[in-house]
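Novice: For reference, the structure I am asking about is given below.
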Number of protein chains: 2
Amino acid sequence: MCLMAVQARERLLTTAEDLFYAEGIRAVGVERILSESGVGRASFYRHFASKDELVVAVLSGRDRRWREWLRTAVDGYGLPPADRPLAVFDALSERFARDDFRGCAFINTMIEAADRDSAAHQVAAEHKSSVTGYLDTLLADAGRADHAELAPELMLLVDGAIVTALREGNPDSAVRARRIAEALLARQPDPGDAREAVRRRLRVVTGGMR
Amino acid sequence: MCLMAVQARERLLTTAEDLFYAEGIRAVGVERILSESGVGRASFYRHFASKDELVVAVLSGRDRRWREWLRTAVDGYGLPPADRPLAVFDALSERFARDDFRGCAFINTMIEAADRDSAAHQVAAEHKSSVTGYLDTLLADAGRADHAELAPELMLLVDGAIVTALREGNPDSAVRARRIAEALLARQPDPGDAREAVRRRLRVVTGGMR
DNA sequence: TCAAGATGGTACCGATCGGTTCCGTTTACC
DNA sequence: GGTAAACGGAACCGATCGGTACCATCTTGA
């Protein structure tokens, strides 16, 4: 097995990922990718049938590595299961602080590729579903009976934090989202009347888990 | 004063706004705008020096009308000041349900126009600041002493709800964000240790406002 | 009625888009 | 060393990009 093919393909993928993320998929032409990667035009179309196919390959790889990064980061804090859902926002804070941070590549793709039926749009949508699923397992492992309800709510906070970080140009929104999540997790499901809700909270805080 | 000029300019603005919002700024060429508006090519460049200038004009108009819409919608519920901050999410829910909903034109613009120095990007960023300011006044009028802290938090929820609605293709995220906001507004600032925090919550729920 | 101005249509400009084809060179494997 | 595959470079394709110039037509205000 020769190495050249892999080298060219890999260079195309990494160069394209960097350029797409930094400037947008539509803003980066094939010519840019070729010149910055040093790959010939013919070689490009030997590996990918079209630019769209390259886009899908880039997004699929990024999806895999992004979720692996999040899992590793959350595990790396060495926290008990009950504290792991909130640790997601600590991990995000590190991401937001990178100087090449430009938001979420998948949100950006869903916005740029307006057509919901396009392959790129669907890969991006599936990424978000996968991350929501990961949040769900984190919450379930934390002993939250309402994990199915909380997971999409945390996901909303994650996406809100990402968009806000892109907008403000600093990682402050990560700790902001974390504080909101703390208030959210302190809430009890279906509280009934207010006085009963307070009794529930008291029970949890004084004697419960954590 | 003749009317033709105004007509052509207005047609360009409305046509461009619809197309930009539906398909993206970069995805819509000048040719599309001309053919769908029925305006001649020369007339276009008599009114706007460039496509970028049209983009800025479109965004400025949309900013004005969007904020006016939100204010009118919130006022229209006829709620007491204390309930108005949450009413923002009810208004959003109506927007999300429209079949032509395609997210926030300003978030989309900030993502599409990656260059932070571009005029379009700055108009979009200013829009978000203005909306945050509106949330701040809503919270202050609701008697929240911590309005300065809460306003960016609600804004994060608003943006999170918008992106989520775009992603999921339904308005569910509006009520989800509203529930999170309720938990957030139920939180007390700087809770100290847990037991003290519970005492504060008890005090508020049993005898406090709302 | 008549001049001034705004209009829509079209031909045209250089640049770039995504994509195809061919060619000479380099690499890998036997 | 020889063969086959993968490579980089470049010429070329039709289409479209944003933008300019010219023209005949229609509306407006005096």
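Residues are referred to by chain and number: the chain letter is A, B, ... according to the order shown in the structure tokens, the number counts from 1 in that chain, and ligands are numbered separately from 1 in the order shown.
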As a ChimeraX atom specification, please: the residues near DT7 (chain C) (cut-off 8 Å, only C-alpha atoms (C1' of nucleotides), same-chain neighbours under 2 positions excluded).
Specialist: /B:4,40,43 /D:25-26
Novice: Quick one: residues within 12 Å of DC23 (chain C), only C-alpha atoms (C1' of nucleotides), excluding same-chain residues fewer than 4 positions away - as a PyMOL selection string?
Specialist: (chain A and resi 42) or (chain D and resi 7-11)
Novice: Can you pull out the residues contacting region 16-22 of chain B? Cut-off 9 Å, using only C-alpha atoms (C1' of nucleotides), and skip same-chain residues under 4 positions away; I want them as a list in words.
Specialist: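 These residues fall inside the cut-off: Ala114 of chain A; Arg11, Leu12, Arg26, Ala27, Val28, Val30, Arg32, Ile33, Ser37, Leu54, Val55, Val58, Leu59, Arg62, Asp100, Phe101, Arg102, Gly103, Cys104, Ala105 and Asn108 of chain B.
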Novice: Suppose we keep C-alpha atoms; can you now write the selection as a PDB file, in the first residue's frame?
Specialist:
ATOM      1  CA  ALA A 114     -30.011  26.410   3.551  1.00  0.00           C
TER       2      ALA A 114
ATOM      3  CA  ARG B  11     -38.712  46.550  -4.610  1.00  0.00           C
ATOM      4  CA  LEU B  12     -34.983  45.878  -4.512  1.00  0.00           C
ATOM      5  CA  ARG B  26     -23.666  34.813  -0.659  1.00  0.00           C
ATOM      6  CA  ALA B  27     -25.977  32.320  -2.335  1.00  0.00           C
ATOM      7  CA  VAL B  28     -28.068  35.044  -3.976  1.00  0.00           C
ATOM      8  CA  VAL B  30     -27.388  40.314  -8.137  1.00  0.00           C
ATOM      9  CA  ARG B  32     -31.437  36.843  -9.111  1.00  0.00           C
ATOM     10  CA  ILE B  33     -32.463  40.008  -7.307  1.00  0.00           C
ATOM     11  CA  SER B  37     -37.749  42.285  -8.585  1.00  0.00           C
ATOM     12  CA  LEU B  54     -27.594  46.735  -0.525  1.00  0.00           C
ATOM     13  CA  VAL B  55     -26.845  44.121   2.121  1.00  0.00           C
ATOM     14  CA  VAL B  58     -31.445  45.399   3.973  1.00  0.00           C
ATOM     15  CA  LEU B  59     -30.048  44.513   7.389  1.00  0.00           C
ATOM     16  CA  ARG B  62     -34.741  44.479   9.117  1.00  0.00           C
ATOM     17  CA  ASP B 100     -40.608  30.749   5.987  1.00  0.00           C
ATOM     18  CA  PHE B 101     -38.670  30.836   9.275  1.00  0.00           C
ATOM     19  CA  ARG B 102     -34.975  30.406   8.594  1.00  0.00           C
ATOM     20  CA  GLY B 103     -33.343  31.441  11.863  1.00  0.00           C
ATOM     21  CA  CYS B 104     -32.021  34.873  12.785  1.00  0.00           C
ATOM     22  CA  ALA B 105     -30.943  36.926   9.775  1.00  0.00           C
ATOM     23  CA  ASN B 108     -26.791  34.050   9.798  1.00  0.00           C
TER      24      ASN B 108
END
Novice: Set the cut-off to 8 Å and count only C-alpha atoms: what are the residues of chain B that reach chain A? Output as a compact mmCIF listing (two decimals) with C-alpha atoms, in the first residue's frame.
Specialist:
# COMPACT_ATOMS: atom_id res chain seq x y z
CA ALA B 22 -34.29 32.34 2.57
CA GLU B 23 -31.08 31.28 0.85
CA GLY B 24 -28.23 33.31 2.29
CA ARG B 26 -23.67 34.81 -0.66
CA ILE B 107 -26.77 35.44 13.32
CA ASN B 108 -26.79 34.05 9.80
CA MET B 110 -22.36 37.07 11.24
CA ILE B 111 -21.67 33.47 10.28
CA GLU B 112 -21.72 34.08 6.54
CA ALA B 114 -16.80 35.80 8.70
CA ASP B 115 -14.82 39.02 8.56
CA ALA B 125 -23.61 42.62 15.92
CA GLU B 153 -28.37 35.39 30.03
CA LEU B 156 -28.17 33.61 25.27
CA LEU B 157 -31.47 31.75 25.68
CA VAL B 158 -33.03 33.73 22.83
CA ASP B 159 -30.18 32.94 20.47
CA GLY B 160 -30.10 29.33 21.61
CA ALA B 161 -33.83 29.02 20.97
CA VAL B 163 -30.68 28.28 16.42
CA THR B 164 -32.48 25.26 17.85
CA ARG B 167 -32.18 23.07 13.47
CA SER B 173 -37.48 25.37 21.42
CA ARG B 176 -38.11 25.05 26.10
CA ALA B 177 -36.18 28.31 26.40
CA ILE B 180 -35.23 27.53 31.29
CA ALA B 183 -35.81 28.49 36.30
CA LEU B 184 -33.28 31.26 35.79
CA ARG B 187 -32.80 31.72 41.04
CA ALA B 194 -26.70 25.56 49.82
CA ARG B 195 -28.67 25.67 53.06
CA VAL B 198 -32.80 27.21 50.26
CA ARG B 201 -35.92 30.45 48.06
CA LEU B 202 -38.39 29.58 50.80
CA VAL B 205 -41.82 31.64 47.31
CA THR B 206 -43.90 31.87 50.46
Novice: Name the residues in contact with Phe44 (chain B) at a cut-off of 9 Å, using only C-alpha atoms (C1' of nucleotides), excluding same-chain residues fewer than 4 positions from it; report them as a compact mmCIF listing (two decimals) with C-alpha atoms, in the first residue's frame.
Specialist:
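Final output, saved to around-v9.txt:
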# COMPACT_ATOMS: atom_id res chain seq x y z
CA ALA B 8 -37.61 50.53 -7.64
CA ARG B 9 -35.52 50.97 -4.51
CA LEU B 12 -34.98 45.88 -4.51
CA VAL B 30 -27.39 40.31 -8.14
CA LEU B 34 -32.87 41.88 -10.59
CA VAL B 39 -35.59 46.11 -11.72
CA GLY B 40 -33.05 46.86 -14.43
CA PHE B 48 -26.71 51.14 -4.46
CA ALA B 49 -23.01 51.49 -5.12
CA SER B 50 -22.48 47.77 -4.63
Novice: With distances taken over only C-alpha atoms (C1' of nucleotides), which of D:DA21, D:DC12, D:DA30, D:DA5 is nearest to DC12 (chain C)?
Specialist: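 For DC12 (chain C), the nearest of the given residues is D:DA21.
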Novice: What residues in chain D have any atom no more than 10 Å from chain B when counting only C-alpha atoms (C1' of nucleotides), and can you write them as a list in words?
Specialist: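 Close to chain B, chain D has DT16, DC17, DG18, DG19, DT20, DA21, DT27, DT28 and DG29 of chain D.
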Novice: Define the interface residues of chain C facing chain A as those within 9 Å, counting only C-alpha atoms (C1' of nucleotides), and report them as a list in words.
Specialist: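 Here is what falls inside 9 Å: DT16, DC17, DG18, DG19, DT20, DT21, DT27, DA28 and DC29 of chain C.
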Novice: One decimal, Å: what's the distance from CA of Ala151 (chain A) over to CA of Leu135 (chain A), could you say?
Specialist: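 Separating CA of Ala151 (chain A) from CA of Leu135 (chain A) is a distance of 5.5 Å.
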Novice: How many Å separate CA of Asp172 (chain A) from CA of Arg84 (chain A)?
Specialist: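 Computed distance, CA of Asp172 (chain A) to CA of Arg84 (chain A), equals 19.8 Å.
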Novice: Could you write out, as a PyMOL selection string, all the residues of region 93-180 of chain B that DSSP marks as helix (DSSP H, G or I)?
Specialist: chain B and resi 93-97+105-112+119-141+147-168+172-180
